[in-house]
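Engineer: Coordinates in start-v4.csv, CSV, C-alpha atoms, are listed below.
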```
chain,number,residue,atom,x,y,z
Q,104,MET,CA,103.0,78.4,107.2
Q,105,SER,CA,101.1,76.5,104.6
Q,106,ASP,CA,99.4,78.1,101.6
Q,107,LEU,CA,96.0,77.1,103.1
Q,108,PHE,CA,96.7,79.1,106.3
Q,109,LYS,CA,98.1,82.0,104.3
Q,110,HIS,CA,94.9,82.0,102.2
Q,111,ILE,CA,92.7,81.9,105.3
Q,112,ALA,CA,94.6,84.8,106.9
Q,113,SER,CA,94.3,86.9,103.7
Q,114,LEU,CA,90.5,86.5,103.9
Q,115,ILE,CA,90.3,87.8,107.5
Q,116,PRO,CA,89.5,91.5,107.3
Q,117,GLY,CA,91.8,94.0,109.0
Q,118,PRO,CA,90.6,97.2,110.6
Q,119,MET,CA,89.1,99.8,108.4
Q,120,ASN,CA,92.0,102.1,109.3
Q,121,MET,CA,95.0,100.5,107.5
Q,122,GLN,CA,97.5,102.9,109.1
Q,123,ARG,CA,96.4,101.9,112.6
Q,124,HIS,CA,96.6,98.2,111.5
Q,125,ILE,CA,100.2,98.8,110.4
Q,126,ARG,CA,101.1,100.6,113.7
Q,127,LYS,CA,99.6,97.8,115.8
Q,128,SER,CA,101.7,95.3,113.9
Q,129,LYS,CA,104.9,97.2,114.9
Q,130,LEU,CA,105.8,97.3,111.2
Q,131,ASP,CA,108.6,99.7,110.3
Q,132,VAL,CA,109.5,98.5,106.8
Q,133,ILE,CA,108.2,96.1,104.1
Q,134,PHE,CA,110.2,94.2,101.4
Q,135,PRO,CA,107.7,93.1,98.8
Q,136,PHE,CA,109.1,91.2,95.8
Q,137,TYR,CA,107.9,89.9,92.4
Q,138,HIS,CA,109.5,88.0,89.5
Q,139,ALA,CA,107.9,89.2,86.3
Q,140,VAL,CA,105.0,91.4,85.1
Q,141,SER,CA,103.5,90.7,81.7
Q,142,ASP,CA,100.3,90.7,79.6
Q,143,ARG,CA,101.7,87.8,77.6
Q,144,GLU,CA,101.7,84.1,78.4
Q,145,LEU,CA,105.2,83.0,79.3
Q,146,PRO,CA,105.5,79.2,78.9
Q,147,HIS,CA,108.7,79.1,81.0
Q,148,LEU,CA,106.8,80.6,84.0
Q,149,LYS,CA,103.3,79.4,83.2
Q,150,HIS,CA,103.4,76.2,85.3
Q,151,LEU,CA,105.3,77.7,88.3
Q,152,TYR,CA,103.5,80.7,89.7
Q,153,PRO,CA,101.0,83.3,88.7
Q,154,ILE,CA,102.3,86.4,86.9
Q,155,ARG,CA,100.8,89.8,87.5
Q,156,THR,CA,99.5,91.6,84.4
Q,157,VAL,CA,100.6,95.2,83.8
Q,158,GLN,CA,97.3,96.5,85.1
Q,159,GLN,CA,97.4,94.3,88.1
Q,160,PHE,CA,100.9,95.4,89.0
Q,161,LYS,CA,100.0,99.1,88.6
Q,162,LEU,CA,97.0,98.6,91.0
Q,163,ASP,CA,99.3,96.8,93.4
Q,164,LEU,CA,101.8,99.7,93.3
Q,165,ASP,CA,99.0,102.3,93.7
Q,166,TYR,CA,97.7,100.5,96.8
Q,167,MET,CA,101.1,100.1,98.4
Q,168,LEU,CA,102.1,103.7,97.8
Q,169,GLN,CA,99.1,104.8,99.8
Q,170,TYR,CA,100.6,103.3,103.0
Q,171,PHE,CA,104.3,102.9,102.3
Q,172,GLN,CA,107.1,105.2,101.3
Q,173,PRO,CA,109.1,103.7,98.4
Q,174,VAL,CA,112.9,103.9,99.0
Q,175,LYS,CA,116.1,102.6,97.5
Q,176,MET,CA,117.7,99.6,99.2
Q,177,SER,CA,120.9,101.7,99.8
Q,178,GLU,CA,118.9,104.6,101.2
Q,179,TYR,CA,117.1,102.3,103.7
Q,180,LEU,CA,120.3,100.5,104.7
Q,181,SER,CA,122.1,103.8,105.3
Q,182,GLY,CA,119.6,104.5,108.1
Q,183,ASN,CA,118.9,108.0,106.8
Q,184,ILE,CA,115.2,107.5,106.0
Q,185,PRO,CA,113.0,109.7,108.3
Q,186,ALA,CA,110.8,107.6,110.5
Q,187,ASP,CA,107.1,108.0,109.7
Q,188,PRO,CA,104.8,105.6,111.6
Q,189,ASN,CA,102.0,106.4,109.2
Q,190,ARG,CA,104.0,105.6,106.1
Q,191,PRO,CA,106.8,103.1,106.7
Q,192,PRO,CA,109.5,102.5,104.0
Q,193,MET,CA,108.9,100.0,101.2
Q,194,VAL,CA,111.9,98.4,99.6
Q,195,LEU,CA,110.7,96.7,96.4
Q,196,SER,CA,112.6,94.0,94.6
Q,197,PHE,CA,112.4,91.5,91.7
Q,198,ASP,CA,114.0,88.1,91.5
Q,199,ASP,CA,115.7,86.1,88.6
Q,200,GLY,CA,116.6,89.0,86.4
Q,201,LEU,CA,113.9,88.4,83.8
Q,202,ILE,CA,113.6,90.5,80.7
Q,203,GLN,CA,110.1,91.7,81.6
Q,204,CYS,CA,111.8,93.8,84.4
Q,205,TYR,CA,113.3,96.0,81.6
Q,206,GLU,CA,110.4,95.8,79.1
Q,207,ASP,CA,107.4,96.1,81.4
Q,208,VAL,CA,108.4,96.8,85.0
Q,209,MET,CA,111.0,99.6,84.6
Q,210,PRO,CA,108.7,102.1,82.7
Q,211,ILE,CA,106.0,101.7,85.4
Q,212,LEU,CA,108.5,102.3,88.2
Q,213,ILE,CA,110.0,105.3,86.5
Q,214,SER,CA,106.6,106.8,85.9
Q,215,ARG,CA,105.7,106.5,89.5
Q,216,GLY,CA,109.1,107.4,90.9
Q,217,VAL,CA,109.5,104.0,92.6
Q,218,PRO,CA,113.0,102.6,93.1
Q,219,ALA,CA,113.7,98.9,93.1
Q,220,THR,CA,116.5,96.3,93.4
Q,221,PHE,CA,116.8,93.4,90.9
Q,222,PHE,CA,118.4,90.1,92.1
Q,223,LEU,CA,120.4,88.4,89.3
Q,224,ASN,CA,121.7,84.8,88.7
Q,225,ASN,CA,125.2,85.2,87.2
Q,226,ALA,CA,124.9,82.2,84.9
Q,227,PHE,CA,121.6,83.3,83.3
Q,228,ILE,CA,122.5,86.9,82.3
Q,229,ASP,CA,122.5,87.4,78.5
Q,230,ASN,CA,120.4,84.2,78.2
Q,231,MET,CA,123.5,82.0,78.4
Q,232,SER,CA,121.6,79.3,80.3
Q,233,MET,CA,118.3,78.7,82.0
Q,234,PHE,CA,117.0,78.1,85.5
Q,235,PHE,CA,116.1,74.4,85.8
Q,236,ARG,CA,112.6,75.2,87.1
Q,237,PHE,CA,111.9,77.2,83.9
Q,238,LYS,CA,113.0,74.2,82.0
Q,239,VAL,CA,110.5,72.1,83.9
Q,240,SER,CA,107.7,74.5,83.0
Q,241,LEU,CA,108.6,74.3,79.3
Q,242,LEU,CA,108.7,70.5,79.5
Q,243,VAL,CA,105.3,70.4,81.1
Q,244,GLU,CA,104.0,72.7,78.4
Q,245,GLU,CA,105.4,70.4,75.7
Q,246,LEU,CA,103.9,67.3,77.4
Q,247,GLY,CA,100.5,67.9,75.8
Q,248,LYS,CA,102.0,68.1,72.3
Q,249,ILE,CA,104.4,65.2,72.1
Q,250,THR,CA,103.9,61.6,70.8
Q,251,PRO,CA,103.3,58.6,73.1
Q,252,GLU,CA,106.8,57.4,72.1
Q,253,LYS,CA,108.4,60.5,73.5
Q,254,LYS,CA,106.4,60.3,76.7
Q,255,TYR,CA,107.6,56.7,77.1
Q,256,ARG,CA,111.2,57.8,76.7
Q,257,ALA,CA,110.7,60.5,79.3
Q,258,ALA,CA,109.1,58.1,81.7
Q,259,GLN,CA,112.1,55.9,81.4
Q,260,LEU,CA,114.5,58.7,82.1
Q,261,LEU,CA,112.4,59.9,85.1
Q,262,HIS,CA,111.9,56.4,86.4
Q,263,CYS,CA,108.1,56.9,86.7
Q,264,ASP,CA,104.9,55.8,85.0
Q,265,VAL,CA,103.8,57.7,81.9
Q,266,ARG,CA,100.8,59.1,83.9
Q,267,GLU,CA,103.2,60.5,86.5
Q,268,ILE,CA,105.5,62.5,84.2
Q,269,ARG,CA,104.1,65.8,85.0
Q,270,SER,CA,104.2,65.4,88.8
Q,271,ARG,CA,107.7,63.9,88.6
Q,272,LEU,CA,108.9,66.9,86.5
Q,273,MET,CA,107.4,69.4,88.9
Q,274,ASN,CA,109.3,67.7,91.7
Q,275,VAL,CA,112.7,67.7,90.1
Q,276,ASN,CA,115.2,69.4,92.5
Q,277,TYR,CA,118.4,71.3,92.1
Q,278,VAL,CA,120.6,68.3,92.7
Q,279,GLU,CA,119.0,66.3,89.9
Q,280,ARG,CA,118.4,69.3,87.6
Q,281,GLU,CA,120.4,67.8,84.7
Q,282,ILE,CA,117.6,65.4,84.1
Q,283,THR,CA,115.6,68.3,82.5
Q,284,ASP,CA,118.3,68.4,79.8
Q,285,GLN,CA,118.1,64.7,79.2
Q,286,VAL,CA,114.3,64.8,78.8
Q,287,ALA,CA,114.5,67.7,76.4
Q,288,ASP,CA,117.2,66.0,74.3
Q,289,SER,CA,115.0,62.9,74.1
Q,290,TRP,CA,112.2,65.1,72.8
Q,291,GLY,CA,114.4,67.1,70.4
Q,292,PHE,CA,113.5,70.2,72.4
Q,293,SER,CA,116.1,73.0,72.6
Q,294,TYR,CA,116.1,75.5,75.4
Q,295,THR,CA,118.7,77.6,73.5
Q,296,GLU,CA,116.3,77.8,70.5
Q,297,TYR,CA,113.5,78.8,72.8
Q,298,MET,CA,115.5,81.6,74.3
Q,299,ARG,CA,116.5,82.7,70.8
Q,300,ARG,CA,112.8,83.1,69.9
Q,301,GLU,CA,111.7,84.2,73.4
Q,302,PRO,CA,114.5,85.9,75.4
Q,303,VAL,CA,114.0,85.1,79.1
Q,304,TYR,CA,116.7,87.1,80.9
Q,305,LEU,CA,118.1,90.6,81.0
Q,306,THR,CA,121.2,91.3,79.0
Q,307,SER,CA,124.2,93.2,80.2
Q,308,ILE,CA,123.1,96.1,78.0
Q,309,HIS,CA,119.7,96.1,79.9
Q,310,ILE,CA,121.4,96.0,83.2
Q,311,LYS,CA,123.7,98.9,82.5
Q,312,LYS,CA,120.8,101.0,81.3
Q,313,MET,CA,118.9,100.2,84.4
Q,314,LEU,CA,121.9,101.1,86.5
Q,315,ASP,CA,122.0,104.4,84.7
Q,316,GLU,CA,118.3,105.0,85.7
Q,317,GLY,CA,119.3,104.5,89.3
Q,318,PHE,CA,118.1,101.0,89.9
Q,319,GLU,CA,120.1,98.7,92.1
Q,320,PHE,CA,121.2,95.0,91.7
Q,321,GLY,CA,122.1,92.2,93.9
Q,322,SER,CA,122.9,88.5,93.8
Q,323,HIS,CA,120.5,85.6,93.7
Q,324,GLY,CA,123.1,82.9,93.4
Q,325,ILE,CA,125.0,81.8,90.4
Q,326,ASP,CA,122.3,79.3,89.0
Q,327,HIS,CA,119.4,79.6,91.5
Q,328,PRO,CA,120.3,76.7,93.9
Q,329,LEU,CA,118.3,75.5,96.9
Q,330,PHE,CA,121.0,76.1,99.4
Q,331,ALA,CA,119.4,73.8,102.0
Q,332,LEU,CA,120.6,70.9,99.8
Q,333,LEU,CA,124.2,72.1,99.7
Q,334,LYS,CA,127.0,71.7,102.2
Q,335,ARG,CA,127.8,74.8,104.3
Q,336,GLN,CA,131.2,75.5,102.7
Q,337,VAL,CA,129.8,75.0,99.2
Q,338,THR,CA,127.0,77.5,100.1
Q,339,ILE,CA,129.5,80.1,101.4
Q,340,ASP,CA,131.8,79.7,98.4
Q,341,HIS,CA,128.9,79.9,96.0
Q,342,ILE,CA,127.5,83.1,97.5
Q,343,ARG,CA,130.9,84.8,97.6
Q,344,SER,CA,131.6,83.9,94.0
Q,345,SER,CA,128.1,85.2,92.9
Q,346,VAL,CA,128.3,88.4,94.8
Q,347,GLU,CA,131.9,89.2,93.7
Q,348,GLY,CA,131.2,88.2,90.1
Q,349,LEU,CA,128.4,90.7,89.8
Q,350,ARG,CA,130.3,93.5,91.6
Q,351,LYS,CA,133.3,93.2,89.2
Q,352,ARG,CA,131.1,92.8,86.1
Q,353,TYR,CA,128.9,95.8,86.7
Q,354,GLY,CA,130.9,97.9,89.1
Q,355,LEU,CA,128.4,97.5,92.0
Q,356,ASP,CA,129.4,99.3,95.2
Q,357,HIS,CA,127.3,97.1,97.5
Q,358,LYS,CA,126.9,93.4,98.2
Q,359,TYR,CA,123.2,92.4,98.5
Q,360,PHE,CA,122.2,88.7,98.5
Q,361,ALA,CA,118.7,87.2,98.3
Q,362,PHE,CA,118.4,83.5,98.9
Q,363,PRO,CA,116.8,81.7,96.0
Q,364,PHE,CA,113.7,79.7,96.8
Q,365,THR,CA,114.0,80.2,100.6
Q,366,ASP,CA,116.6,80.5,103.4
Q,367,SER,CA,114.8,77.7,105.3
Q,368,GLY,CA,117.3,75.0,106.1
Q,369,VAL,CA,120.3,77.3,105.9
Q,370,GLU,CA,122.2,77.3,109.2
Q,371,ASP,CA,122.3,80.6,111.2
Q,372,SER,CA,126.0,80.1,111.4
Q,373,THR,CA,126.3,80.3,107.6
Q,374,ILE,CA,124.5,83.6,107.5
Q,375,GLU,CA,126.6,84.8,110.5
Q,376,HIS,CA,129.7,83.9,108.5
Q,377,LEU,CA,128.5,85.9,105.5
Q,378,PHE,CA,128.2,89.0,107.5
Q,379,ARG,CA,131.3,88.5,109.7
Q,380,ASN,CA,133.5,88.0,106.7
Q,381,ASN,CA,132.1,90.9,104.8
Q,382,ILE,CA,130.8,88.6,102.0
Q,383,ILE,CA,127.4,90.4,102.0
Q,384,ASP,CA,126.2,93.8,103.2
Q,385,ALA,CA,122.6,92.8,103.4
Q,386,GLY,CA,120.7,89.5,103.1
Q,387,PHE,CA,117.2,88.4,102.4
Q,388,GLY,CA,114.8,85.5,102.9
Q,389,THR,CA,111.2,85.0,101.8
Q,390,ALA,CA,109.3,84.5,105.1
Q,391,GLY,CA,107.1,87.5,104.8
Q,392,LEU,CA,106.7,89.9,107.7
Q,393,LYS,CA,108.9,88.0,110.2
Q,394,ASP,CA,111.8,89.6,112.1
Q,395,ASP,CA,115.3,88.2,112.0
Q,396,LYS,CA,118.5,88.1,114.1
Q,397,TRP,CA,120.8,90.5,112.2
Q,398,PRO,CA,120.3,94.2,111.6
Q,399,GLY,CA,121.2,93.7,107.9
Q,400,TYR,CA,119.0,90.7,107.3
Q,401,PHE,CA,115.4,90.9,106.2
Q,402,GLN,CA,112.5,88.7,105.2
Q,403,ARG,CA,110.7,89.7,102.0
Q,404,ILE,CA,107.0,89.2,101.1
Q,405,PRO,CA,106.2,87.0,98.0
Q,406,MET,CA,103.6,89.0,96.2
Q,407,GLU,CA,102.6,86.4,93.6
Q,408,LEU,CA,102.3,83.4,95.8
Q,409,LEU,CA,98.5,83.1,96.1
Q,410,ASP,CA,97.6,85.1,92.9
Q,411,LYS,CA,96.0,87.8,95.1
Q,412,ASP,CA,96.3,91.6,94.8
Q,413,ALA,CA,98.5,93.6,97.1
Q,414,ARG,CA,95.7,94.6,99.4
Q,415,THR,CA,94.8,91.0,100.1
Q,416,THR,CA,98.4,89.8,100.3
Q,417,LEU,CA,99.5,92.5,102.7
Q,418,ARG,CA,96.4,92.2,104.9
Q,419,GLY,CA,97.1,88.5,105.3
Q,420,GLU,CA,100.7,89.2,106.1
Q,421,ILE,CA,99.9,91.8,108.7
Q,422,ASN,CA,97.2,89.6,110.3
Q,423,ARG,CA,99.6,86.8,110.7
Q,424,ARG,CA,102.4,89.1,112.0
Q,425,ARG,CA,100.1,90.4,114.7
Q,426,VAL,CA,99.1,86.9,115.8
Q,427,ARG,CA,102.8,85.9,115.9
Q,428,ILE,CA,103.8,88.9,117.9
Q,429,LEU,CA,101.0,88.2,120.5
Q,430,ALA,CA,102.3,84.6,120.7
Q,431,GLY,CA,106.0,85.7,120.9
Q,432,SER,CA,106.9,83.8,117.8
Q,433,ASN,CA,107.6,86.3,115.1
Q,434,LEU,CA,111.4,85.6,115.0
Q,435,THR,CA,112.4,83.6,111.9
Q,436,LYS,CA,113.4,80.0,112.6
Q,437,ARG,CA,115.4,78.2,109.9
```
Please go through the file and, once you have read it, give me the structure as structure tokens.

Structural biologist:
Amino acid sequence: MSDLFKHIASLIPGPMNMQRHIRKSKLDVIFPFYHAVSDRELPHLKHLYPIRTVQQFKLDLDYMLQYFQPVKMSEYLSGNIPADPNRPPMVLSFDDGLIQCYEDVMPILISRGVPATFFLNNAFIDNMSMFFRFKVSLLVEELGKITPEKKYRAAQLLHCDVREIRSRLMNVNYVEREITDQVADSWGFSYTEYMRREPVYLTSIHIKKMLDEGFEFGSHGIDHPLFALLKRQVTIDHIRSSVEGLRKRYGLDHKYFAFPFTDSGVEDSTIEHLFRNNIIDAGFGTAGLKDDKWPGYFQRIPMELLDKDARTTLRGEINRRRVRILAGSNLTKR
């Protein structure tokens, strides 16, 4: 569903009784997810999506905790959570393994007794490399500072008009991601130096401390690919390598996998293979409050997509879910 329809649905008021609204939607669990929470401007995220401030995130949590019971991923998957139609489980997660999850998010979660799962990209841990979309945001940020000569060189590399550099950068995809390095080199801009000044990702020390606090971790792919662009066997091998790499590195006793970007375009047979061959214990897409075909596969709710608070976002999701259920169309189609 387009952002416009999501926006319209979020503006439609639900019933005054939120618990009744939840029951009528036949909702028995929610999986909200974020990326970062920060009061600082983060140039590597600035041009990609809105970031919740610390106060905004606290208010989001306070609202969700009124209506949902926060539970660990492993607890929910074990099936031992008592059913409460007035307060369904909430399994909170964060993507991309950003350092703000340790610095800003973890203290809030601990203070409120809220568990969470953090999905990591193997290649980015310890700031060893950077997601190509973060590189894009940094290049867009630099675009207003560079000389006309540098803009011309970028336009040549990107095969576009100088006036189209920003839009061309914003549309760089995973397959052509190396062009972000070529543009940076032509400008004399160093992602390594940026991460030295402004660490982007969790370190292994952070991750181990978070594990000690009882938080859980899962895989988000080695380098955050869009799997719809990759061949089926490449996708399977990539996911297996990512999941097993994290398990061995941090002694994880579970195999959670959240598709980067979206699971749209990934064949059902691929997801079936992941479960059948014990490559994953649980899997996740990003389609909101839709149902799916496998008992261990769930769709999560993007909480930053429209830069709205949790109340508005969840109201829109529940409104759309109820409409889809009435139309018999709430099963995810990839």

Engineer: Find the residues near Ile374 in chain Q: any atom within 12 Å, counting only C-alpha atoms, skip ones fewer than 4 places away on the same chain, and give them as an NGL selection string.

Structural biologist: :Q and (330 or 335-336 or 338-339 or 342-343 or 360-362 or 366-370 or 378-388 or 395-397 or 399-401 or 437)

Engineer: Only C-alpha atoms, please: the residues just picked out, written as a PDB file, keeping the file's coordinate frame.

Structural biologist:
```pdb
ATOM      1  CA  PHE Q 330     121.000  76.100  99.400  1.00  0.00           C
ATOM      2  CA  ARG Q 335     127.800  74.800 104.300  1.00  0.00           C
ATOM      3  CA  GLN Q 336     131.200  75.500 102.700  1.00  0.00           C
ATOM      4  CA  THR Q 338     127.000  77.500 100.100  1.00  0.00           C
ATOM      5  CA  ILE Q 339     129.500  80.100 101.400  1.00  0.00           C
ATOM      6  CA  ILE Q 342     127.500  83.100  97.500  1.00  0.00           C
ATOM      7  CA  ARG Q 343     130.900  84.800  97.600  1.00  0.00           C
ATOM      8  CA  PHE Q 360     122.200  88.700  98.500  1.00  0.00           C
ATOM      9  CA  ALA Q 361     118.700  87.200  98.300  1.00  0.00           C
ATOM     10  CA  PHE Q 362     118.400  83.500  98.900  1.00  0.00           C
ATOM     11  CA  ASP Q 366     116.600  80.500 103.400  1.00  0.00           C
ATOM     12  CA  SER Q 367     114.800  77.700 105.300  1.00  0.00           C
ATOM     13  CA  GLY Q 368     117.300  75.000 106.100  1.00  0.00           C
ATOM     14  CA  VAL Q 369     120.300  77.300 105.900  1.00  0.00           C
ATOM     15  CA  GLU Q 370     122.200  77.300 109.200  1.00  0.00           C
ATOM     16  CA  PHE Q 378     128.200  89.000 107.500  1.00  0.00           C
ATOM     17  CA  ARG Q 379     131.300  88.500 109.700  1.00  0.00           C
ATOM     18  CA  ASN Q 380     133.500  88.000 106.700  1.00  0.00           C
ATOM     19  CA  ASN Q 381     132.100  90.900 104.800  1.00  0.00           C
ATOM     20  CA  ILE Q 382     130.800  88.600 102.000  1.00  0.00           C
ATOM     21  CA  ILE Q 383     127.400  90.400 102.000  1.00  0.00           C
ATOM     22  CA  ASP Q 384     126.200  93.800 103.200  1.00  0.00           C
ATOM     23  CA  ALA Q 385     122.600  92.800 103.400  1.00  0.00           C
ATOM     24  CA  GLY Q 386     120.700  89.500 103.100  1.00  0.00           C
ATOM     25  CA  PHE Q 387     117.200  88.400 102.400  1.00  0.00           C
ATOM     26  CA  GLY Q 388     114.800  85.500 102.900  1.00  0.00           C
ATOM     27  CA  ASP Q 395     115.300  88.200 112.000  1.00  0.00           C
ATOM     28  CA  LYS Q 396     118.500  88.100 114.100  1.00  0.00           C
ATOM     29  CA  TRP Q 397     120.800  90.500 112.200  1.00  0.00           C
ATOM     30  CA  GLY Q 399     121.200  93.700 107.900  1.00  0.00           C
ATOM     31  CA  TYR Q 400     119.000  90.700 107.300  1.00  0.00           C
ATOM     32  CA  PHE Q 401     115.400  90.900 106.200  1.00  0.00           C
ATOM     33  CA  ARG Q 437     115.400  78.200 109.900  1.00  0.00           C
TER      34      ARG Q 437
END
```

Engineer: Point out the residue among Q:Leu130, Q:Tyr166, Q:Ser177, Q:Glu375 with the least atom-to-atom distance to His357 in chain Q, counting all atoms listed in the file.

Structural biologist: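 Among the listed residues, Q:Ser177 lies closest to His357 in chain Q.
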
Engineer: Neighbouring residues of range 190-196 of chain Q were defined as those with any atom within 7 Å, considering all atoms listed in the file; residues of the same chain fewer than 5 positions away were excluded. Please report them as a list of chain:residue names.

Structural biologist: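 These residues fall inside the cut-off: Q:Asp131, Q:Val132, Q:Ile133, Q:Phe134, Q:Pro135, Q:Phe136, Q:Tyr137, Q:Tyr170, Q:Phe171, Q:Gln172, Q:Pro173, Q:Val174, Q:Lys175, Q:Met176, Q:Ala219, Q:Thr220, Q:Phe221.
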
Engineer: Show which residues sit within 8 Å of range 239-247 of chain Q, as a short mmCIF file (atom, residue, chain, number, x, y, z; two decimals) with C-alpha atoms, in the coordinates of the input. Count only C-alpha atoms, and ignore same-chain residues fewer than 3 positions away.

Structural biologist:
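Everything below was put into out_14.cif:
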```
data_model
loop_
_atom_site.label_atom_id
_atom_site.label_comp_id
_atom_site.auth_asym_id
_atom_site.auth_seq_id
_atom_site.Cartn_x
_atom_site.Cartn_y
_atom_site.Cartn_z
CA PRO Q 146 105.50 79.20 78.90
CA HIS Q 147 108.70 79.10 81.00
CA LEU Q 148 106.80 80.60 84.00
CA LYS Q 149 103.30 79.40 83.20
CA HIS Q 150 103.40 76.20 85.30
CA LEU Q 151 105.30 77.70 88.30
CA PHE Q 235 116.10 74.40 85.80
CA ARG Q 236 112.60 75.20 87.10
CA LYS Q 254 106.40 60.30 76.70
CA ARG Q 269 104.10 65.80 85.00
CA LEU Q 272 108.90 66.90 86.50
CA MET Q 273 107.40 69.40 88.90
CA VAL Q 275 112.70 67.70 90.10
CA THR Q 283 115.60 68.30 82.50
CA ALA Q 287 114.50 67.70 76.40
#
```

Engineer: For the atom pair CA of Asp198 in chain Q and CA of Asn230 in chain Q, what is the interatomic distance in Å to one decimal place?

Structural biologist: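 Result for CA of Asp198 in chain Q versus CA of Asn230 in chain Q: 15.3 Å, one decimal.
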
Engineer: Please compute the CA of Phe160 in chain Q-CA of Thr389 in chain Q distance, one decimal, in Å.

Structural biologist: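 Atom-to-atom, CA of Phe160 in chain Q and CA of Thr389 in chain Q are spaced 19.4 Å apart.
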
Engineer: If you count only C-alpha atoms, which residues fall within 12 Å of Lys129 in chain Q, apart from same-chain ones fewer than 3 positions away, as a list in words?

Structural biologist: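 Counting only C-alpha atoms, the residues come to Gln122, Arg123, His124, Ile125, Arg126, Val132, Ile133, Pro188, Asn189, Pro191, Leu392, Lys393, Asp394, Ile421, Asn422, Arg424, Arg425, Val426, Arg427, Ile428, Leu429 and Asn433 of chain Q.
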
Engineer: Looking at Q:Phe197, Q:Tyr179, Q:Phe292, Q:Tyr297, which one is nearest to Met231 in chain Q, with distances taken over all atoms listed in the file?

Structural biologist: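 Ranked by minimum distance to Met231 in chain Q, first place goes to Q:Tyr297.
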
Engineer: Considering only C-alpha atoms, state which residue in the set Q:Leu180, Q:Ala258, Q:Leu349, Q:Val140 is at the smallest distance from Ile211 in chain Q.

Structural biologist: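 Looking only at the distances to Ile211 in chain Q, the closest residue turns out to be Q:Val140.
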
Engineer: Can you pull out the residues contacting Thr306 in chain Q? Cut-off 10 Å, using only C-alpha atoms, and skip same-chain residues under 5 positions away; I want them as number ranges by chain.

Structural biologist: Q: 200-202, 205, 227-231, 311-312

Engineer: Of the candidates Q:Asn274, Q:Thr373, Q:Asp264, Q:Gly431, which one gets nearest to Leu333 in chain Q if we count only C-alpha atoms?

Structural biologist: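 The shortest atom-to-atom distance to Leu333 in chain Q comes from Q:Thr373.
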
Engineer: With distances taken over all atoms listed in the file, which residue among Q:Asp356, Q:Asp187, Q:Asp288, Q:Asp199 lies nearest Val303 in chain Q?

Structural biologist: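 Of all the options, Q:Asp199 lies closest to Val303 in chain Q.
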
Engineer: May I ask for the distance between CA of Glu178 in chain Q and CA of Arg350 in chain Q, given in Å to one decimal place?

Structural biologist: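 For CA of Glu178 in chain Q relative to CA of Arg350 in chain Q, the distance reads 18.6 Å.
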
Engineer: Given all atoms listed in the file as the basis, pick out the residue of Q:Ala430, Q:Val337, Q:Lys411, Q:Ile282 nearest to Gln159 in chain Q.

Structural biologist: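 Between Q:Ala430, Q:Val337, Q:Lys411, Q:Ile282, the residue approaching Gln159 in chain Q most closely is Q:Lys411.
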
Engineer: Can you list every residue of range 241-300 of chain Q that has an atom at most 10 Å from range 317-328 of chain Q, with its nearest atom pair and the distance in Å to one decimal, using all atoms listed in the file, ordered by chain then number, as JSON lines?

Structural biologist:
```
{"residue": "Q:Asn276", "atom": "CA", "partner": "Q:Pro328", "partner_atom": "CA", "distance": 9.0}
{"residue": "Q:Tyr277", "atom": "CA", "partner": "Q:Pro328", "partner_atom": "CA", "distance": 6.0}
{"residue": "Q:Val278", "atom": "CA", "partner": "Q:Pro328", "partner_atom": "CA", "distance": 8.5}
{"residue": "Q:Arg280", "atom": "CA", "partner": "Q:Pro328", "partner_atom": "CA", "distance": 9.9}
```

Engineer: Could you list as a compact mmCIF listing (two decimals) with C-alpha atoms, in the coordinates of the input every residue that has an atom within 7 Å of (107.6, 85.6, 89.7), using the file's coordinates and counting all atoms listed in the file?

Structural biologist:
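Below you can see selection-v4.txt, which holds the result:
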```txt
# COMPACT_ATOMS: atom_id res chain seq x y z
CA TYR Q 137 107.90 89.90 92.40
CA HIS Q 138 109.50 88.00 89.50
CA ALA Q 139 107.90 89.20 86.30
CA TYR Q 152 103.50 80.70 89.70
CA ILE Q 154 102.30 86.40 86.90
CA GLU Q 407 102.60 86.40 93.60
```

Engineer: Pull the neighbourhood of (114.5, 100.6, 80.0) for me: all residues within 9 Å in file coordinates, counting only C-alpha atoms, as a ChimeraX atom specification.

Structural biologist: /Q:204-210,309-310,312-313,316

Engineer: Go ahead and dump the residues you just picked, C-alpha atoms, as a PDB file, in the frame of the given file.

Structural biologist:
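Ended up saving to out_8.pdb:
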```pdb
ATOM      1  CA  CYS Q 204     111.800  93.800  84.400  1.00  0.00           C
ATOM      2  CA  TYR Q 205     113.300  96.000  81.600  1.00  0.00           C
ATOM      3  CA  GLU Q 206     110.400  95.800  79.100  1.00  0.00           C
ATOM      4  CA  ASP Q 207     107.400  96.100  81.400  1.00  0.00           C
ATOM      5  CA  VAL Q 208     108.400  96.800  85.000  1.00  0.00           C
ATOM      6  CA  MET Q 209     111.000  99.600  84.600  1.00  0.00           C
ATOM      7  CA  PRO Q 210     108.700 102.100  82.700  1.00  0.00           C
ATOM      8  CA  HIS Q 309     119.700  96.100  79.900  1.00  0.00           C
ATOM      9  CA  ILE Q 310     121.400  96.000  83.200  1.00  0.00           C
ATOM     10  CA  LYS Q 312     120.800 101.000  81.300  1.00  0.00           C
ATOM     11  CA  MET Q 313     118.900 100.200  84.400  1.00  0.00           C
ATOM     12  CA  GLU Q 316     118.300 105.000  85.700  1.00  0.00           C
TER      13      GLU Q 316
END
```
